[in-house]
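**Q** So I've got this file, data.tsv, and it contains TSV, N, CA and C atoms:
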```tsv
chain	number	residue	atom	x	y	z
L	294	MET	N	-1.99	19.86	0.66
L	294	MET	CA	-2.91	19.20	-0.26
L	294	MET	C	-2.21	18.14	-1.10
L	295	PHE	N	-0.92	18.36	-1.42
L	295	PHE	CA	-0.20	17.39	-2.26
L	295	PHE	C	-0.15	16.02	-1.61
L	296	TRP	N	-0.16	15.96	-0.29
L	296	TRP	CA	-0.04	14.68	0.42
L	296	TRP	C	-1.23	13.78	0.14
L	297	LYS	N	-2.36	14.35	-0.26
L	297	LYS	CA	-3.53	13.52	-0.59
L	297	LYS	C	-3.30	12.70	-1.85
L	298	LEU	N	-2.29	13.07	-2.63
L	298	LEU	CA	-1.99	12.33	-3.86
L	298	LEU	C	-1.01	11.18	-3.63
L	299	ILE	N	-0.50	11.05	-2.41
L	299	ILE	CA	0.44	9.98	-2.09
L	299	ILE	C	-0.12	8.59	-2.43
L	300	PRO	N	-1.42	8.33	-2.25
L	300	PRO	CA	-1.94	7.01	-2.61
L	300	PRO	C	-1.75	6.63	-4.07
L	301	LEU	N	-1.47	7.59	-4.93
L	301	LEU	CA	-1.22	7.24	-6.33
L	301	LEU	C	0.00	6.33	-6.47
L	302	LEU	N	0.98	6.49	-5.58
L	302	LEU	CA	2.18	5.64	-5.64
L	302	LEU	C	1.87	4.18	-5.33
L	303	PRO	N	1.22	3.87	-4.20
L	303	PRO	CA	0.90	2.45	-3.99
L	303	PRO	C	-0.12	1.91	-4.98
L	304	ILE	N	-1.02	2.76	-5.49
L	304	ILE	CA	-1.95	2.28	-6.51
L	304	ILE	C	-1.16	1.79	-7.72
L	305	ALA	N	-0.21	2.61	-8.17
L	305	ALA	CA	0.61	2.23	-9.33
L	305	ALA	C	1.47	1.01	-9.03
L	306	THR	N	2.06	0.98	-7.84
L	306	THR	CA	2.96	-0.12	-7.49
L	306	THR	C	2.23	-1.45	-7.39
L	307	PHE	N	1.13	-1.48	-6.65
L	307	PHE	CA	0.41	-2.74	-6.47
L	307	PHE	C	-0.30	-3.18	-7.74
L	308	SER	N	-0.79	-2.23	-8.53
L	308	SER	CA	-1.39	-2.58	-9.83
L	308	SER	C	-0.35	-3.22	-10.73
L	309	SER	N	0.82	-2.60	-10.78
L	309	SER	CA	1.91	-3.12	-11.60
L	309	SER	C	2.32	-4.52	-11.14
L	310	SER	N	2.38	-4.72	-9.84
L	310	SER	CA	2.75	-6.03	-9.30
L	310	SER	C	1.71	-7.08	-9.66
L	311	ALA	N	0.44	-6.74	-9.53
L	311	ALA	CA	-0.62	-7.70	-9.88
L	311	ALA	C	-0.53	-8.08	-11.36
L	312	ILE	N	-0.30	-7.09	-12.19
L	312	ILE	CA	-0.18	-7.35	-13.63
L	312	ILE	C	1.08	-8.18	-13.92
L	313	GLY	N	2.17	-7.85	-13.23
L	313	GLY	CA	3.41	-8.60	-13.41
L	313	GLY	C	3.27	-10.06	-13.04
L	314	VAL	N	2.63	-10.33	-11.92
L	314	VAL	CA	2.42	-11.72	-11.50
L	314	VAL	C	1.54	-12.43	-12.52
L	315	ALA	N	0.51	-11.76	-12.99
L	315	ALA	CA	-0.38	-12.35	-13.98
L	315	ALA	C	0.35	-12.65	-15.29
L	316	ASN	N	1.36	-11.84	-15.60
L	316	ASN	CA	2.12	-12.04	-16.84
L	316	ASN	C	3.29	-13.00	-16.68
L	317	GLY	N	3.45	-13.58	-15.48
L	317	GLY	CA	4.47	-14.59	-15.29
L	317	GLY	C	5.77	-14.11	-14.69
L	318	ASP	N	5.84	-12.88	-14.21
L	318	ASP	CA	7.08	-12.35	-13.64
L	318	ASP	C	7.56	-13.14	-12.42
L	319	PHE	N	6.66	-13.80	-11.71
L	319	PHE	CA	7.03	-14.52	-10.49
L	319	PHE	C	7.08	-16.03	-10.70
L	320	ASP	N	6.95	-16.48	-11.93
L	320	ASP	CA	6.94	-17.93	-12.19
L	320	ASP	C	8.21	-18.61	-11.73
L	321	ALA	N	9.34	-17.93	-11.81
L	321	ALA	CA	10.62	-18.52	-11.43
L	321	ALA	C	10.88	-18.44	-9.92
L	322	ALA	N	9.95	-17.83	-9.17
L	322	ALA	CA	10.15	-17.68	-7.72
L	322	ALA	C	9.97	-19.00	-6.98
L	323	GLY	N	9.41	-20.00	-7.63
L	323	GLY	CA	9.26	-21.30	-7.00
L	323	GLY	C	8.02	-21.44	-6.15
L	324	PHE	N	7.08	-20.52	-6.28
L	324	PHE	CA	5.84	-20.63	-5.53
L	324	PHE	C	4.99	-21.76	-6.11
L	325	PRO	N	4.20	-22.41	-5.27
L	325	PRO	CA	3.23	-23.37	-5.80
L	325	PRO	C	2.24	-22.62	-6.71
L	326	ASP	N	1.74	-23.31	-7.71
L	326	ASP	CA	0.81	-22.68	-8.65
L	326	ASP	C	-0.41	-22.09	-7.96
L	327	SER	N	-0.81	-22.69	-6.85
L	327	SER	CA	-2.00	-22.20	-6.15
L	327	SER	C	-1.77	-20.85	-5.47
L	328	VAL	N	-0.51	-20.47	-5.25
L	328	VAL	CA	-0.20	-19.22	-4.55
L	328	VAL	C	-0.27	-18.01	-5.50
L	329	LEU	N	0.08	-18.21	-6.75
L	329	LEU	CA	0.17	-17.08	-7.69
L	329	LEU	C	-1.16	-16.34	-7.88
L	330	PRO	N	-2.28	-17.03	-8.07
L	330	PRO	CA	-3.54	-16.28	-8.18
L	330	PRO	C	-3.86	-15.47	-6.91
L	331	LEU	N	-3.52	-16.03	-5.76
L	331	LEU	CA	-3.74	-15.30	-4.51
L	331	LEU	C	-2.88	-14.04	-4.46
L	332	HIS	N	-1.64	-14.15	-4.94
L	332	HIS	CA	-0.74	-13.00	-4.98
L	332	HIS	C	-1.30	-11.91	-5.90
L	333	ILE	N	-1.88	-12.31	-7.01
L	333	ILE	CA	-2.51	-11.35	-7.92
L	333	ILE	C	-3.65	-10.64	-7.21
L	334	TRP	N	-4.52	-11.41	-6.56
L	334	TRP	CA	-5.69	-10.84	-5.88
L	334	TRP	C	-5.29	-9.92	-4.73
L	335	VAL	N	-4.29	-10.31	-3.97
L	335	VAL	CA	-3.87	-9.47	-2.83
L	335	VAL	C	-3.31	-8.14	-3.32
L	336	ASN	N	-2.49	-8.18	-4.37
L	336	ASN	CA	-1.95	-6.93	-4.90
L	336	ASN	C	-3.05	-6.07	-5.53
L	337	ALA	N	-4.00	-6.70	-6.19
L	337	ALA	CA	-5.13	-5.96	-6.75
L	337	ALA	C	-5.98	-5.36	-5.62
L	338	PHE	N	-6.15	-6.11	-4.53
L	338	PHE	CA	-6.88	-5.61	-3.37
L	338	PHE	C	-6.18	-4.39	-2.78
L	339	GLU	N	-4.85	-4.45	-2.66
L	339	GLU	CA	-4.07	-3.31	-2.14
L	339	GLU	C	-4.27	-2.09	-3.04
L	340	ALA	N	-4.17	-2.29	-4.35
L	340	ALA	CA	-4.34	-1.17	-5.29
L	340	ALA	C	-5.75	-0.57	-5.16
L	341	ALA	N	-6.76	-1.43	-5.09
L	341	ALA	CA	-8.14	-0.94	-4.94
L	341	ALA	C	-8.32	-0.25	-3.60
L	342	GLY	N	-7.70	-0.78	-2.56
L	342	GLY	CA	-7.79	-0.16	-1.24
L	342	GLY	C	-7.20	1.24	-1.23
L	343	TRP	N	-6.03	1.40	-1.86
L	343	TRP	CA	-5.42	2.73	-1.91
L	343	TRP	C	-6.22	3.67	-2.80
L	344	ALA	N	-6.88	3.12	-3.82
L	344	ALA	CA	-7.77	3.96	-4.64
L	344	ALA	C	-8.95	4.45	-3.78
L	345	LEU	N	-9.45	3.58	-2.92
L	345	LEU	CA	-10.52	3.97	-2.00
L	345	LEU	C	-10.04	5.04	-1.04
L	346	VAL	N	-8.83	4.90	-0.52
L	346	VAL	CA	-8.26	5.92	0.37
L	346	VAL	C	-8.19	7.26	-0.37
L	347	LEU	N	-7.75	7.24	-1.60
L	347	LEU	CA	-7.66	8.46	-2.41
L	347	LEU	C	-9.03	9.12	-2.56
L	348	VAL	N	-10.02	8.33	-2.94
L	348	VAL	CA	-11.38	8.86	-3.14
L	348	VAL	C	-11.94	9.40	-1.83
L	349	LEU	N	-11.83	8.64	-0.76
L	349	LEU	CA	-12.37	9.07	0.53
L	349	LEU	C	-11.70	10.35	1.03
L	350	SER	N	-10.40	10.48	0.77
L	350	SER	CA	-9.70	11.67	1.26
L	350	SER	C	-10.15	12.93	0.55
L	351	PHE	N	-10.64	12.79	-0.67
L	351	PHE	CA	-11.11	13.96	-1.41
L	351	PHE	C	-12.62	14.18	-1.27
L	352	THR	N	-13.30	13.29	-0.56
L	352	THR	CA	-14.75	13.44	-0.41
L	352	THR	C	-15.17	13.71	1.03
L	353	GLY	N	-14.23	14.17	1.84
L	353	GLY	CA	-14.57	14.56	3.20
L	353	GLY	C	-14.68	13.42	4.18
L	354	ARG	N	-14.19	12.26	3.82
L	354	ARG	CA	-14.24	11.10	4.73
L	354	ARG	C	-12.84	10.66	5.12
L	355	SER	N	-12.04	11.63	5.51
L	355	SER	CA	-10.64	11.37	5.83
L	355	SER	C	-10.46	10.43	7.02
L	356	ALA	N	-11.35	10.50	7.99
L	356	ALA	CA	-11.23	9.61	9.15
L	356	ALA	C	-11.36	8.15	8.73
L	357	HIS	N	-12.29	7.87	7.83
L	357	HIS	CA	-12.45	6.50	7.32
L	357	HIS	C	-11.23	6.11	6.47
L	358	ALA	N	-10.77	7.04	5.65
L	358	ALA	CA	-9.59	6.79	4.81
L	358	ALA	C	-8.38	6.45	5.66
L	359	SER	N	-8.24	7.12	6.81
L	359	SER	CA	-7.08	6.87	7.66
L	359	SER	C	-7.08	5.45	8.21
L	360	LYS	N	-8.24	4.96	8.58
L	360	LYS	CA	-8.33	3.59	9.11
L	360	LYS	C	-7.99	2.56	8.03
L	361	ILE	N	-8.48	2.79	6.84
L	361	ILE	CA	-8.18	1.88	5.74
L	361	ILE	C	-6.69	1.93	5.41
L	362	ALA	N	-6.11	3.13	5.44
L	362	ALA	CA	-4.68	3.30	5.15
L	362	ALA	C	-3.81	2.54	6.15
L	363	VAL	N	-4.18	2.56	7.43
L	363	VAL	CA	-3.42	1.81	8.44
L	363	VAL	C	-3.50	0.31	8.16
L	364	PHE	N	-4.68	-0.16	7.83
L	364	PHE	CA	-4.85	-1.57	7.50
L	364	PHE	C	-3.99	-1.96	6.30
L	365	LEU	N	-4.02	-1.14	5.25
L	365	LEU	CA	-3.26	-1.43	4.03
L	365	LEU	C	-1.75	-1.35	4.27
L	366	ALA	N	-1.32	-0.41	5.10
L	366	ALA	CA	0.10	-0.33	5.45
L	366	ALA	C	0.53	-1.60	6.19
L	367	GLY	N	-0.35	-2.10	7.04
L	367	GLY	CA	-0.08	-3.36	7.73
L	367	GLY	C	0.00	-4.54	6.78
L	368	MET	N	-0.87	-4.56	5.78
L	368	MET	CA	-0.80	-5.62	4.76
L	368	MET	C	0.53	-5.59	4.04
L	369	TRP	N	0.96	-4.40	3.67
L	369	TRP	CA	2.22	-4.25	2.94
L	369	TRP	C	3.40	-4.65	3.83
L	370	CYS	N	3.36	-4.26	5.09
L	370	CYS	CA	4.42	-4.62	6.02
L	370	CYS	C	4.49	-6.15	6.16
L	371	TRP	N	3.36	-6.78	6.33
L	371	TRP	CA	3.30	-8.24	6.44
L	371	TRP	C	3.84	-8.89	5.18
L	372	ASP	N	3.47	-8.36	4.03
L	372	ASP	CA	3.95	-8.89	2.75
L	372	ASP	C	5.47	-8.83	2.68
L	373	MET	N	6.05	-7.71	3.08
L	373	MET	CA	7.51	-7.58	3.06
L	373	MET	C	8.18	-8.56	4.01
L	374	ILE	N	7.66	-8.66	5.22
L	374	ILE	CA	8.27	-9.53	6.23
L	374	ILE	C	8.22	-10.99	5.80
L	375	THR	N	7.10	-11.41	5.25
L	375	THR	CA	6.95	-12.83	4.90
L	375	THR	C	7.66	-13.21	3.61
L	376	THR	N	8.01	-12.25	2.78
L	376	THR	CA	8.66	-12.58	1.51
L	376	THR	C	10.12	-12.11	1.45
L	377	MET	N	10.62	-11.55	2.53
L	377	MET	CA	11.95	-10.97	2.55
L	377	MET	C	13.04	-11.96	2.12
L	378	ASN	N	12.95	-13.18	2.59
L	378	ASN	CA	14.00	-14.15	2.33
L	378	ASN	C	13.74	-15.06	1.14
L	379	LEU	N	12.68	-14.80	0.40
L	379	LEU	CA	12.37	-15.64	-0.76
L	379	LEU	C	13.09	-15.12	-2.00
L	380	SER	N	13.33	-16.01	-2.92
L	380	SER	CA	13.94	-15.62	-4.19
L	380	SER	C	12.84	-15.10	-5.11
L	381	MET	N	12.68	-13.80	-5.13
L	381	MET	CA	11.60	-13.19	-5.91
L	381	MET	C	12.14	-12.01	-6.70
L	382	PRO	N	11.48	-11.68	-7.79
L	382	PRO	CA	11.91	-10.51	-8.57
L	382	PRO	C	11.41	-9.22	-7.92
L	383	VAL	N	12.15	-8.74	-6.93
L	383	VAL	CA	11.77	-7.49	-6.27
L	383	VAL	C	12.70	-6.38	-6.73
L	384	PRO	N	12.24	-5.15	-6.68
L	384	PRO	CA	13.10	-4.03	-7.08
L	384	PRO	C	14.33	-3.92	-6.18
L	385	PRO	N	15.41	-3.35	-6.71
L	385	PRO	CA	16.63	-3.20	-5.91
L	385	PRO	C	16.38	-2.40	-4.63
L	386	LEU	N	17.06	-2.79	-3.58
L	386	LEU	CA	17.03	-2.11	-2.28
L	386	LEU	C	15.65	-2.07	-1.63
L	387	GLN	N	14.81	-3.06	-1.92
L	387	GLN	CA	13.49	-3.08	-1.28
L	387	GLN	C	13.62	-3.14	0.23
L	388	ILE	N	14.69	-3.74	0.71
L	388	ILE	CA	14.92	-3.84	2.16
L	388	ILE	C	15.06	-2.46	2.79
L	389	VAL	N	15.41	-1.46	1.98
L	389	VAL	CA	15.55	-0.08	2.47
L	389	VAL	C	14.27	0.71	2.23
L	390	TRP	N	13.83	0.76	0.97
L	390	TRP	CA	12.69	1.62	0.67
L	390	TRP	C	11.36	1.01	1.09
L	391	GLY	N	11.32	-0.31	1.27
L	391	GLY	CA	10.07	-0.94	1.71
L	391	GLY	C	9.61	-0.44	3.07
L	392	PRO	N	10.48	-0.52	4.10
L	392	PRO	CA	10.07	0.02	5.41
L	392	PRO	C	9.81	1.53	5.37
L	393	ILE	N	10.57	2.25	4.54
L	393	ILE	CA	10.31	3.69	4.42
L	393	ILE	C	8.92	3.92	3.85
L	394	SER	N	8.51	3.09	2.89
L	394	SER	CA	7.18	3.25	2.31
L	394	SER	C	6.09	2.99	3.34
L	395	VAL	N	6.32	2.04	4.26
L	395	VAL	CA	5.35	1.79	5.33
L	395	VAL	C	5.23	3.02	6.22
L	396	VAL	N	6.36	3.62	6.55
L	396	VAL	CA	6.34	4.84	7.38
L	396	VAL	C	5.57	5.95	6.67
L	397	VAL	N	5.81	6.13	5.38
L	397	VAL	CA	5.08	7.16	4.61
L	397	VAL	C	3.58	6.86	4.62
L	398	MET	N	3.22	5.60	4.44
L	398	MET	CA	1.80	5.23	4.47
L	398	MET	C	1.18	5.55	5.83
L	399	LEU	N	1.90	5.27	6.90
L	399	LEU	CA	1.39	5.55	8.24
L	399	LEU	C	1.33	7.05	8.51
L	400	LEU	N	2.28	7.81	7.99
L	400	LEU	CA	2.22	9.27	8.12
L	400	LEU	C	1.02	9.83	7.36
L	401	LEU	N	0.74	9.26	6.21
L	401	LEU	CA	-0.45	9.67	5.46
L	401	LEU	C	-1.70	9.35	6.27
L	402	ALA	N	-1.76	8.16	6.87
L	402	ALA	CA	-2.92	7.80	7.69
L	402	ALA	C	-3.08	8.76	8.86
L	403	TYR	N	-1.97	9.13	9.46
L	403	TYR	CA	-2.00	10.09	10.57
L	403	TYR	C	-2.53	11.44	10.10
L	404	GLN	N	-2.04	11.90	8.96
L	404	GLN	CA	-2.50	13.18	8.41
L	404	GLN	C	-3.99	13.13	8.09
L	405	LEU	N	-4.44	12.02	7.52
L	405	LEU	CA	-5.87	11.87	7.22
L	405	LEU	C	-6.69	11.86	8.50
L	406	ARG	N	-6.16	11.22	9.52
L	406	ARG	CA	-6.87	11.20	10.82
L	406	ARG	C	-7.00	12.60	11.39
L	407	LEU	N	-5.91	13.37	11.32
L	407	LEU	CA	-5.96	14.76	11.80
L	407	LEU	C	-6.98	15.57	11.01
L	408	GLU	N	-6.99	15.37	9.70
L	408	GLU	CA	-7.96	16.09	8.88
L	408	GLU	C	-9.38	15.65	9.23
L	409	GLY	N	-9.54	14.37	9.51
L	409	GLY	CA	-10.85	13.87	9.90
L	409	GLY	C	-11.33	14.48	11.21
L	410	GLN	N	-10.38	14.90	12.03
L	410	GLN	CA	-10.72	15.56	13.28
L	410	GLN	C	-10.73	17.08	13.12
L	411	LYS	N	-10.52	17.55	11.91
L	411	LYS	CA	-10.49	18.98	11.57
L	411	LYS	C	-9.29	19.69	12.19
L	412	ILE	N	-8.21	18.92	12.45
L	412	ILE	CA	-6.95	19.51	12.91
L	412	ILE	C	-5.95	19.23	11.78
L	413	VAL	N	-5.63	20.22	11.02
L	413	VAL	CA	-4.82	19.97	9.83
L	413	VAL	C	-3.37	20.41	10.04
L	414	LYS	N	-2.47	19.48	9.80
L	414	LYS	CA	-1.04	19.74	9.75
L	414	LYS	C	-0.59	19.23	8.40
L	415	VAL	N	0.49	19.76	7.90
L	415	VAL	CA	1.00	19.31	6.62
L	415	VAL	C	2.24	18.47	6.84
L	416	LEU	N	2.32	17.30	6.16
L	416	LEU	CA	3.47	16.41	6.31
L	416	LEU	C	4.77	17.12	6.06
```
Translate this structure into structure tokens?

**A**
Amino acid sequence: MFWKLIPLLPIATFSSSAIGVANGDFDAAGFPDSVLPLHIWVNAFEAAGWALVLVLSFTGRSAHASKIAVFLAGMWCWDMITTMNLSMPVPPLQIVWGPISVVVMLLLAYQLRLEGQKIVKVL
């Protein structure tokens, strides 16, 4: 059951990132001004998406939650790949924990899928 709370981590992370970008944390990254609002919206979308995964997992719609989780894990993976070489204020060792977080997200999606099929295993 504890694994259903895993979405709280990306909710906090992406919410914090959206707020950070809005507060100017990425101003020195050299992005064009037009990119920053998009970065805020994408991170807010990720946070809202993981909140939806959390709600769906507790309301008996785990199969739907799993599909959304795979999509969101893909968004995060794409975000990491496309920004890896940019000068940005990212947390230390993101190159290590970032891919690990994608794997955890995909394991959560797998677990939700199993629950959606009424075959429950614990991570």

**Q** How far is it from CA of Val397 (chain L) to atom C of Ala315 (chain L), in Å with one decimal?

**A** 28.5 Å

**Q** When distances are computed from only C-alpha atoms, which of L:Ser355, L:Ile374, L:Trp296, L:Val383 shows the smallest separation from Gly313 (chain L)?

**A** L:Val383

**Q** Might you pull out every residue within 10 Å of Gly353 (chain L), with only C-alpha atoms counted and same-chain residues fewer than 5 positions away left off, and present them as a list in words?

**A**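 Residues meeting the cut-off are Val348, Ala358, Leu405, Glu408 and Gly409 of chain L.
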
**Q** Put a box with edges along x, y and z around all the listed atoms of region 379-395 of chain L, pad it by 3 Å on each side, then give me its centre and sizes in Å, one decimal, as AutoDock Vina command-line options.

**A**
```
--center_x 11.1 --center_y -6.0 --center_z -1.2 --size_x 17.8 --size_y 25.9 --size_z 20.8
```

**Q** Of the candidates L:Leu329, L:Ala322, L:Met381, L:Leu401, which shows the shortest atom-to-atom distance to Lys297 (chain L), using only N, CA and C atoms?

**A**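 So, comparing all the options, the nearest one is L:Leu401.
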
**Q** Compile the contact shell of Ile304 (chain L) as a list in words: residues with an atom at most 6 Å away, counting only N, CA and C atoms, same-chain residues fewer than 4 positions apart removed.

**A** Pro300, Ser308, Ser309, Ala340, Trp343 and Ala344 of chain L

**Q** So that I can see what lies close to Ser359 (chain L), please list as JSON, numbers by chain the residues with an atom at most 6 Å from it, counting all atoms listed in the file and leaving out residues fewer than 3 positions away in the same chain.

**A** {"L": [355, 356, 362, 363, 402, 403, 405, 406]}

**Q** Of the residues L:Phe364, L:Trp369, L:Phe319, L:Phe295, which is the one nearest to Val335 (chain L), using only C-alpha atoms?

**A**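 Residue with the minimum atom-to-atom distance to Val335 (chain L): L:Trp369.
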
**Q** Measuring between only C-alpha atoms, which one of L:Leu298, L:Ala366, L:Phe307, L:Thr352 shows the shortest distance to Leu399 (chain L)?

**A**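 Nearest to Leu399 (chain L): L:Ala366.
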
**Q** To one decimal in Å, tell me the separation between atom N of Trp390 (chain L) and atom N of Ile333 (chain L).

**A**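 Distance reported for this atom pair: 21.9 Å.
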
**Q** Please, what distance in Å, to one decimal, runs between atom N of Gly367 (chain L) and CA of Leu386 (chain L)?

**A**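 Interatomic distance, atom N of Gly367 (chain L) to CA of Leu386 (chain L): 19.7 Å.
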
**Q** Please extract the residues of chain L with a backbone DSSP assignment of helix (DSSP H, G or I) and present them as number ranges by chain.

**A** L: 295-298, 301-315, 320-322, 328-351, 355-376, 387-409

**Q** Would you mind telling me which residue in L:Ile299, L:Asp372, L:His332, L:Leu365 lies nearest to Val314 (chain L) when using only N, CA and C atoms?

**A**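 Comparing L:Ile299, L:Asp372, L:His332, L:Leu365 against Val314 (chain L), the winner is L:His332.
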
**Q** Would you fill out region 370-390 of chain L with N, CA, C and O atoms and return it as a JSON list (two decimals), in the frame of the given file?

**A**
```
[["chain", "number", "residue", "atom", "x", "y", "z"],
["L", 370, "CYS", "N", 3.36, -4.26, 5.09],
["L", 370, "CYS", "CA", 4.42, -4.62, 6.02],
["L", 370, "CYS", "C", 4.49, -6.15, 6.16],
["L", 370, "CYS", "O", 5.58, -6.74, 6.11],
["L", 371, "TRP", "N", 3.36, -6.78, 6.33],
["L", 371, "TRP", "CA", 3.30, -8.24, 6.44],
["L", 371, "TRP", "C", 3.84, -8.89, 5.18],
["L", 371, "TRP", "O", 4.60, -9.86, 5.23],
["L", 372, "ASP", "N", 3.47, -8.36, 4.03],
["L", 372, "ASP", "CA", 3.95, -8.89, 2.75],
["L", 372, "ASP", "C", 5.47, -8.83, 2.68],
["L", 372, "ASP", "O", 6.13, -9.81, 2.29],
["L", 373, "MET", "N", 6.05, -7.71, 3.08],
["L", 373, "MET", "CA", 7.51, -7.58, 3.06],
["L", 373, "MET", "C", 8.18, -8.56, 4.01],
["L", 373, "MET", "O", 9.17, -9.20, 3.67],
["L", 374, "ILE", "N", 7.66, -8.66, 5.22],
["L", 374, "ILE", "CA", 8.27, -9.53, 6.23],
["L", 374, "ILE", "C", 8.22, -10.99, 5.80],
["L", 374, "ILE", "O", 9.20, -11.73, 5.97],
["L", 375, "THR", "N", 7.10, -11.41, 5.25],
["L", 375, "THR", "CA", 6.95, -12.83, 4.90],
["L", 375, "THR", "C", 7.66, -13.21, 3.61],
["L", 375, "THR", "O", 7.87, -14.39, 3.36],
["L", 376, "THR", "N", 8.01, -12.25, 2.78],
["L", 376, "THR", "CA", 8.66, -12.58, 1.51],
["L", 376, "THR", "C", 10.12, -12.11, 1.45],
["L", 376, "THR", "O", 10.77, -12.28, 0.43],
["L", 377, "MET", "N", 10.62, -11.55, 2.53],
["L", 377, "MET", "CA", 11.95, -10.97, 2.55],
["L", 377, "MET", "C", 13.04, -11.96, 2.12],
["L", 377, "MET", "O", 13.96, -11.61, 1.39],
["L", 378, "ASN", "N", 12.95, -13.18, 2.59],
["L", 378, "ASN", "CA", 14.00, -14.15, 2.33],
["L", 378, "ASN", "C", 13.74, -15.06, 1.14],
["L", 378, "ASN", "O", 14.51, -15.98, 0.90],
["L", 379, "LEU", "N", 12.68, -14.80, 0.40],
["L", 379, "LEU", "CA", 12.37, -15.64, -0.76],
["L", 379, "LEU", "C", 13.09, -15.12, -2.00],
["L", 379, "LEU", "O", 13.40, -13.93, -2.10],
["L", 380, "SER", "N", 13.33, -16.01, -2.92],
["L", 380, "SER", "CA", 13.94, -15.62, -4.19],
["L", 380, "SER", "C", 12.84, -15.10, -5.11],
["L", 380, "SER", "O", 12.13, -15.89, -5.74],
["L", 381, "MET", "N", 12.68, -13.80, -5.13],
["L", 381, "MET", "CA", 11.60, -13.19, -5.91],
["L", 381, "MET", "C", 12.14, -12.01, -6.70],
["L", 381, "MET", "O", 13.12, -11.40, -6.31],
["L", 382, "PRO", "N", 11.48, -11.68, -7.79],
["L", 382, "PRO", "CA", 11.91, -10.51, -8.57],
["L", 382, "PRO", "C", 11.41, -9.22, -7.92],
["L", 382, "PRO", "O", 10.37, -8.69, -8.27],
["L", 383, "VAL", "N", 12.15, -8.74, -6.93],
["L", 383, "VAL", "CA", 11.77, -7.49, -6.27],
["L", 383, "VAL", "C", 12.70, -6.38, -6.73],
["L", 383, "VAL", "O", 13.85, -6.64, -7.11],
["L", 384, "PRO", "N", 12.24, -5.15, -6.68],
["L", 384, "PRO", "CA", 13.10, -4.03, -7.08],
["L", 384, "PRO", "C", 14.33, -3.92, -6.18],
["L", 384, "PRO", "O", 14.30, -4.36, -5.02],
["L", 385, "PRO", "N", 15.41, -3.35, -6.71],
["L", 385, "PRO", "CA", 16.63, -3.20, -5.91],
["L", 385, "PRO", "C", 16.38, -2.40, -4.63],
["L", 385, "PRO", "O", 15.57, -1.48, -4.61],
["L", 386, "LEU", "N", 17.06, -2.79, -3.58],
["L", 386, "LEU", "CA", 17.03, -2.11, -2.28],
["L", 386, "LEU", "C", 15.65, -2.07, -1.63],
["L", 386, "LEU", "O", 15.35, -1.17, -0.86],
["L", 387, "GLN", "N", 14.81, -3.06, -1.92],
["L", 387, "GLN", "CA", 13.49, -3.08, -1.28],
["L", 387, "GLN", "C", 13.62, -3.14, 0.23],
["L", 387, "GLN", "O", 12.79, -2.62, 0.95],
["L", 388, "ILE", "N", 14.69, -3.74, 0.71],
["L", 388, "ILE", "CA", 14.92, -3.84, 2.16],
["L", 388, "ILE", "C", 15.06, -2.46, 2.79],
["L", 388, "ILE", "O", 14.81, -2.26, 3.97],
["L", 389, "VAL", "N", 15.41, -1.46, 1.98],
["L", 389, "VAL", "CA", 15.55, -0.08, 2.47],
["L", 389, "VAL", "C", 14.27, 0.71, 2.23],
["L", 389, "VAL", "O", 13.67, 1.26, 3.15],
["L", 390, "TRP", "N", 13.83, 0.76, 0.97],
["L", 390, "TRP", "CA", 12.69, 1.62, 0.67],
["L", 390, "TRP", "C", 11.36, 1.01, 1.09],
["L", 390, "TRP", "O", 10.38, 1.73, 1.29]]
```
